[in-house]
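K.L.:
Pasting a structure here, questions to come.
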Amino acid sequence: MITIKNLSKSILGEPLFEEVSFTLHKGDKVGLVGPNGSGKSTLLKIVLGEVESDGGKILIENERIGYLSQDLSKYADPDFLKLSGGQKTKFVLNKILDSNPTVLLLDEPTNHLDWRGLGWLEEVVREFKGAVLIVSHDRRLLDNSVNKIIEIDAVNHKFNEYSGGYTEYAMEKERKLAIWEEDYKHQQREKRRMELWLALKRQEAHVHPDPAKGKKIRAMEKRMQREIFDQEIKKPRNQKKITLDLKGETASGKLILRVKDIIKNFPDKRLLWKVGFELRGQERVLLVGDNGSGKTTLLKIITGEATPDSGEIKIGEKVRFGYFSQEHENLDPNKTVIDEFLSADRLITTKSTRAILGSFRFGEQNAFKKVSSLSLGERVRLIFAKLT
């Protein structure tokens, strides 16, 4: 059993969560959800002792913890020269399971898994005899594997618990949000009514001083403090959806990419064999295949980061690639968000830079965060900001 009591943590003076508590019992299968940067991975690292909390206690009673990090690069194993992202996830998780843990902490375990890998992971979680705490945005995994959702509330900096999987959580959250919004509006109406009453009575008392009026004013001030300020309901915050503008201007028949007879082998495996296709105009193409079948290798060959054994890659005239790599190796961890954004090949004003980053939820403080301190979701947003 793992018990968290009155745990608090702030980053750069901004609270992630304050005096939160919950218990992870044997057999619990719990999904931990919340916005990017709300402290989900930080919580796991506090439980592991890798990060210090600002207050509170964590009690771990006779448990062996197995931890899968979302950053697979931390696992220094020579066999990683050879594996795809999904294969790395399965390789590391199998090694963790071989150590016979009694508790599993899984941080975004579905990132690189194909559909077969997702099914395998769901089965692992369901059949595991101990407790499991999963940080994930994957609705299917949470619906099929967990019996409880813990949400980090980024507005109130607390934890909310929900029974069931993601679908039940989403429905109950929507119901509670509607109640929250109505309670907030009601309190604001009462606050405004009291403020107007006080303004009027203070004006009357100034013109015609009266001890009785003064007593009523003080009574209303106390009531306002008790009913409004001491029980303040924070304004619900609905995050706006991020919109991407990646249209470009391309003629329908223009050659974008031609791949011809690409062959790529590794010492112990034939990976790609005479692969060929064309991409023209504004075509949208989905590249699918099992983990380890060569999808990422093919992209790296197209972008020039890898060399085929034979074959030809032809890029259309004036074509510029934007490349989103699955392990985000094209981000410099030592730069700030704004410096990394400006490192892209563009001419852009400081005002436009702040506007674009702001639309991707990198506000005044987050724009100066180090890339290394960003959560996985925040890094994804930064890459897409650069692509636009």
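Chain labels follow the order of the structure tokens: the first chain is A, the next B, and so on; residue numbering restarts at 1 in every chain, and ligands are counted from 1 in their shown order.
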Determine which residues of region 210-304 of chain A DSSP labels as strand (DSSP E) from the backbone of this structure, then write them out as a VMD selection string.
P.N.:
chain A and resid 255 to 266 269 to 280
K.L.:
Pick out the residues sitting within 6 Å of region 260-265 of chain A, and hand them over as a ChimeraX atom specification; count only C-alpha atoms, and ignore anything fewer than 3 positions along from it in its own chain.
P.N.:
/A:269-276,308-312
K.L.:
Which residues, written as a list of chain:residue names, have at least one atom at most 9 Å from Val47 (chain A), with only C-alpha atoms counted and residues fewer than 5 positions away on the same chain left out?
P.N.:
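These residues fall inside the cut-off: A:Ile2, A:Ile4, A:Thr42, A:Ile58, A:Leu59, A:Ile60.
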K.L.:
For Glu52 (chain A), list every protein, DNA or RNA residue within 12 Å, evaluated using only C-alpha atoms, and leave out those in the same chain fewer than 2 positions away; present the list as a VMD selection string.
P.N.:
chain A and resid 7 to 11 42 to 50 54 to 58
K.L.:
Would you output that residue set with C-alpha atoms, as a PDB file, in the first residue's frame?
P.N.:
ATOM      1  CA  LEU A   7       1.366  16.405  -0.441  1.00  0.00           C
ATOM      2  CA  SER A   8       2.306  19.776  -1.978  1.00  0.00           C
ATOM      3  CA  LYS A   9       4.626  20.754  -4.823  1.00  0.00           C
ATOM      4  CA  SER A  10       5.374  24.014  -6.635  1.00  0.00           C
ATOM      5  CA  ILE A  11       7.541  24.724  -9.675  1.00  0.00           C
ATOM      6  CA  THR A  42       6.388  14.903 -10.978  1.00  0.00           C
ATOM      7  CA  LEU A  43       4.053  13.022  -8.627  1.00  0.00           C
ATOM      8  CA  LEU A  44       5.476   9.674  -9.753  1.00  0.00           C
ATOM      9  CA  LYS A  45       9.019  10.962  -9.221  1.00  0.00           C
ATOM     10  CA  ILE A  46       8.117  12.169  -5.723  1.00  0.00           C
ATOM     11  CA  VAL A  47       6.803   8.677  -4.890  1.00  0.00           C
ATOM     12  CA  LEU A  48      10.081   7.221  -6.213  1.00  0.00           C
ATOM     13  CA  GLY A  49      12.177   9.663  -4.182  1.00  0.00           C
ATOM     14  CA  GLU A  50      13.689  11.271  -7.290  1.00  0.00           C
ATOM     15  CA  ASP A  54       7.377  20.898  -0.593  1.00  0.00           C
ATOM     16  CA  GLY A  55       5.335  19.289   2.159  1.00  0.00           C
ATOM     17  CA  GLY A  56       3.416  16.183   3.144  1.00  0.00           C
ATOM     18  CA  LYS A  57       4.296  12.514   3.546  1.00  0.00           C
ATOM     19  CA  ILE A  58       4.465   9.376   1.420  1.00  0.00           C
TER      20      ILE A  58
END
K.L.:
Could you tell me how far CA of Ala355 (chain A) lies from CA of Pro333 (chain A), in Å and to one decimal?
P.N.:
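That distance, rounded to one decimal, is 22.4 Å.
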K.L.:
Identify all residues of region 176-311 of chain A in alpha helix (DSSP H) (DSSP on the backbone) and supply them as a PDB file with C-alpha atoms, in the first residue's frame.
P.N.:
ATOM      1  CA  LYS A 176     -19.575  18.518 -12.007  1.00  0.00           C
ATOM      2  CA  LEU A 177     -18.288  21.252 -14.313  1.00  0.00           C
ATOM      3  CA  ALA A 178     -21.863  22.359 -15.036  1.00  0.00           C
ATOM      4  CA  ILE A 179     -22.560  22.562 -11.283  1.00  0.00           C
ATOM      5  CA  TRP A 180     -19.272  24.400 -10.682  1.00  0.00           C
ATOM      6  CA  GLU A 181     -20.075  26.980 -13.382  1.00  0.00           C
ATOM      7  CA  GLU A 182     -23.559  27.586 -11.944  1.00  0.00           C
ATOM      8  CA  ASP A 183     -22.189  27.907  -8.377  1.00  0.00           C
ATOM      9  CA  TYR A 184     -19.534  30.358  -9.598  1.00  0.00           C
ATOM     10  CA  LYS A 185     -22.120  32.514 -11.402  1.00  0.00           C
ATOM     11  CA  HIS A 186     -24.388  32.490  -8.341  1.00  0.00           C
ATOM     12  CA  GLN A 187     -21.546  33.574  -6.054  1.00  0.00           C
ATOM     13  CA  GLN A 188     -20.521  36.347  -8.455  1.00  0.00           C
ATOM     14  CA  ARG A 189     -24.123  37.638  -8.526  1.00  0.00           C
ATOM     15  CA  GLU A 190     -24.217  37.662  -4.716  1.00  0.00           C
ATOM     16  CA  LYS A 191     -20.834  39.380  -4.545  1.00  0.00           C
ATOM     17  CA  ARG A 192     -21.997  42.105  -6.934  1.00  0.00           C
ATOM     18  CA  ARG A 193     -25.262  42.591  -5.002  1.00  0.00           C
ATOM     19  CA  MET A 194     -23.385  42.972  -1.706  1.00  0.00           C
ATOM     20  CA  GLU A 195     -20.839  45.353  -3.233  1.00  0.00           C
ATOM     21  CA  LEU A 196     -23.618  47.588  -4.602  1.00  0.00           C
ATOM     22  CA  TRP A 197     -25.452  47.560  -1.239  1.00  0.00           C
ATOM     23  CA  LEU A 198     -22.252  48.483   0.619  1.00  0.00           C
ATOM     24  CA  ALA A 199     -21.408  51.254  -1.839  1.00  0.00           C
ATOM     25  CA  LEU A 200     -24.883  52.760  -1.416  1.00  0.00           C
ATOM     26  CA  LYS A 201     -24.933  52.510   2.411  1.00  0.00           C
ATOM     27  CA  ARG A 202     -21.389  53.927   2.727  1.00  0.00           C
ATOM     28  CA  GLN A 203     -22.416  56.870   0.568  1.00  0.00           C
ATOM     29  CA  GLU A 204     -25.527  57.434   2.750  1.00  0.00           C
ATOM     30  CA  ALA A 205     -23.441  57.176   5.928  1.00  0.00           C
ATOM     31  CA  HIS A 206     -20.976  59.717   4.567  1.00  0.00           C
ATOM     32  CA  VAL A 207     -23.776  62.231   3.905  1.00  0.00           C
ATOM     33  CA  PRO A 211     -24.348  54.702  14.215  1.00  0.00           C
ATOM     34  CA  ALA A 212     -27.100  52.266  13.199  1.00  0.00           C
ATOM     35  CA  LYS A 213     -26.075  52.422   9.544  1.00  0.00           C
ATOM     36  CA  GLY A 214     -22.461  51.923  10.516  1.00  0.00           C
ATOM     37  CA  LYS A 215     -23.423  48.772  12.420  1.00  0.00           C
ATOM     38  CA  LYS A 216     -25.325  47.420   9.392  1.00  0.00           C
ATOM     39  CA  ILE A 217     -22.365  48.140   7.105  1.00  0.00           C
ATOM     40  CA  ARG A 218     -19.956  46.275   9.403  1.00  0.00           C
ATOM     41  CA  ALA A 219     -22.376  43.350   9.598  1.00  0.00           C
ATOM     42  CA  MET A 220     -22.569  43.159   5.789  1.00  0.00           C
ATOM     43  CA  GLU A 221     -18.771  43.372   5.478  1.00  0.00           C
ATOM     44  CA  LYS A 222     -18.441  40.408   7.866  1.00  0.00           C
ATOM     45  CA  ARG A 223     -21.098  38.482   5.958  1.00  0.00           C
ATOM     46  CA  MET A 224     -19.347  39.182   2.653  1.00  0.00           C
ATOM     47  CA  LYS A 295       8.478   3.007 -40.293  1.00  0.00           C
ATOM     48  CA  THR A 296      10.753   5.389 -38.399  1.00  0.00           C
ATOM     49  CA  THR A 297      13.797   4.190 -40.332  1.00  0.00           C
ATOM     50  CA  LEU A 298      12.023   5.038 -43.587  1.00  0.00           C
ATOM     51  CA  LEU A 299      11.208   8.555 -42.338  1.00  0.00           C
ATOM     52  CA  LYS A 300      14.837   9.060 -41.319  1.00  0.00           C
ATOM     53  CA  ILE A 301      15.977   7.947 -44.763  1.00  0.00           C
ATOM     54  CA  ILE A 302      13.571  10.418 -46.391  1.00  0.00           C
TER      55      ILE A 302
END
K.L.:
Find the spatial neighbours of Phe17 (chain A), counting only C-alpha atoms, within a cut-off of 9 Å - ignore same-chain residues fewer than 3 positions away - and output them as a JSON list (two decimals) with N, CA, C and O atoms, in the first residue's frame.
P.N.:
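Okay, this is what ended up in part10.json:
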[["chain", "number", "residue", "atom", "x", "y", "z"],
["A", 7, "LEU", "N", 0.20, 16.16, 0.41],
["A", 7, "LEU", "CA", 1.37, 16.41, -0.44],
["A", 7, "LEU", "C", 1.22, 17.72, -1.20],
["A", 7, "LEU", "O", 0.16, 18.01, -1.77],
["A", 8, "SER", "N", 2.29, 18.51, -1.24],
["A", 8, "SER", "CA", 2.31, 19.78, -1.98],
["A", 8, "SER", "C", 3.58, 19.88, -2.80],
["A", 8, "SER", "O", 4.64, 19.39, -2.40],
["A", 9, "LYS", "N", 3.46, 20.53, -3.97],
["A", 9, "LYS", "CA", 4.63, 20.75, -4.82],
["A", 9, "LYS", "C", 4.39, 21.97, -5.71],
["A", 9, "LYS", "O", 3.32, 22.11, -6.31],
["A", 10, "SER", "N", 5.40, 22.84, -5.75],
["A", 10, "SER", "CA", 5.37, 24.01, -6.64],
["A", 10, "SER", "C", 6.59, 23.98, -7.54],
["A", 10, "SER", "O", 7.64, 23.46, -7.18],
["A", 20, "VAL", "N", -2.62, 17.43, -1.07],
["A", 20, "VAL", "CA", -3.48, 16.38, -1.63],
["A", 20, "VAL", "C", -3.17, 15.04, -0.98],
["A", 20, "VAL", "O", -2.05, 14.79, -0.52],
["A", 38, "SER", "N", 0.74, 19.64, -15.45],
["A", 38, "SER", "CA", 0.02, 19.77, -14.18],
["A", 38, "SER", "C", 0.68, 19.00, -13.04],
["A", 38, "SER", "O", 0.24, 19.11, -11.90],
["A", 39, "GLY", "N", 1.71, 18.22, -13.34],
["A", 39, "GLY", "CA", 2.46, 17.56, -12.27],
["A", 39, "GLY", "C", 2.30, 16.06, -12.19],
["A", 39, "GLY", "O", 2.67, 15.44, -11.19],
["A", 152, "ILE", "N", -5.70, 15.51, -11.67],
["A", 152, "ILE", "CA", -5.05, 16.67, -11.08],
["A", 152, "ILE", "C", -5.78, 17.90, -11.59],
["A", 152, "ILE", "O", -5.76, 18.20, -12.78],
["A", 153, "ASP", "N", -6.45, 18.60, -10.69],
["A", 153, "ASP", "CA", -7.22, 19.80, -11.01],
["A", 153, "ASP", "C", -6.26, 20.99, -11.04],
["A", 153, "ASP", "O", -5.81, 21.47, -9.99],
["A", 154, "ALA", "N", -5.93, 21.46, -12.26],
["A", 154, "ALA", "CA", -4.93, 22.52, -12.42],
["A", 154, "ALA", "C", -5.44, 23.89, -11.98],
["A", 154, "ALA", "O", -4.64, 24.81, -11.82],
["A", 156, "ASN", "N", -7.71, 24.39, -9.14],
["A", 156, "ASN", "CA", -7.76, 24.41, -7.68],
["A", 156, "ASN", "C", -6.56, 23.72, -7.03],
["A", 156, "ASN", "O", -6.45, 23.69, -5.80],
["A", 157, "HIS", "N", -5.68, 23.12, -7.86],
["A", 157, "HIS", "CA", -4.45, 22.48, -7.38],
["A", 157, "HIS", "C", -4.73, 21.36, -6.38],
["A", 157, "HIS", "O", -4.06, 21.22, -5.36],
["A", 158, "LYS", "N", -5.78, 20.57, -6.68],
["A", 158, "LYS", "CA", -6.11, 19.44, -5.82],
["A", 158, "LYS", "C", -6.35, 18.21, -6.68],
["A", 158, "LYS", "O", -6.26, 18.26, -7.91],
["A", 159, "PHE", "N", -6.62, 17.07, -6.03],
["A", 159, "PHE", "CA", -6.92, 15.82, -6.73],
["A", 159, "PHE", "C", -8.42, 15.55, -6.63],
["A", 159, "PHE", "O", -9.03, 15.73, -5.58]]
K.L.:
Smallest atom-to-atom distance to Leu118 (chain A): which of A:Asn291, A:Asn62, A:Thr336, A:Thr307, using only C-alpha atoms?
P.N.:
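Answer, going by the shortest atom-to-atom distance: A:Asn291.
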K.L.:
Could you name the residues that touch Leu83 (chain A) at 10 Å or less, counting only C-alpha atoms, but leaving out those on the same chain fewer than 3 positions away, as a ChimeraX atom specification?
P.N.:
/A:79-80,86-89,91,291-294
K.L.:
By how many Å are CA of Arg237 (chain A) and CA of Glu172 (chain A) apart?
P.N.:
16.8 Å
K.L.:
What does the structure give for the distance between CA of Ala131 (chain A) and CA of Lys29 (chain A), in Å to one decimal?
P.N.:
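CA of Ala131 (chain A) sits 5.9 Å away from CA of Lys29 (chain A).
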K.L.:
Need the shell around Leu382 (chain A): protein/DNA/RNA residues with any atom at most 12 Å away, counting only C-alpha atoms. Skip same-chain ones fewer than 6 positions apart. Format as a ChimeraX atom specification?
P.N.:
/A:36,242,324,328,330-332,336-344,356-362,366-367,369-371,374-376,388
K.L.:
Measuring atom to atom with only C-alpha atoms, identify which of A:Gly66, A:Gly322, A:Gly289, A:Gly37 is nearest to Asn100 (chain A).
P.N.:
A:Gly66
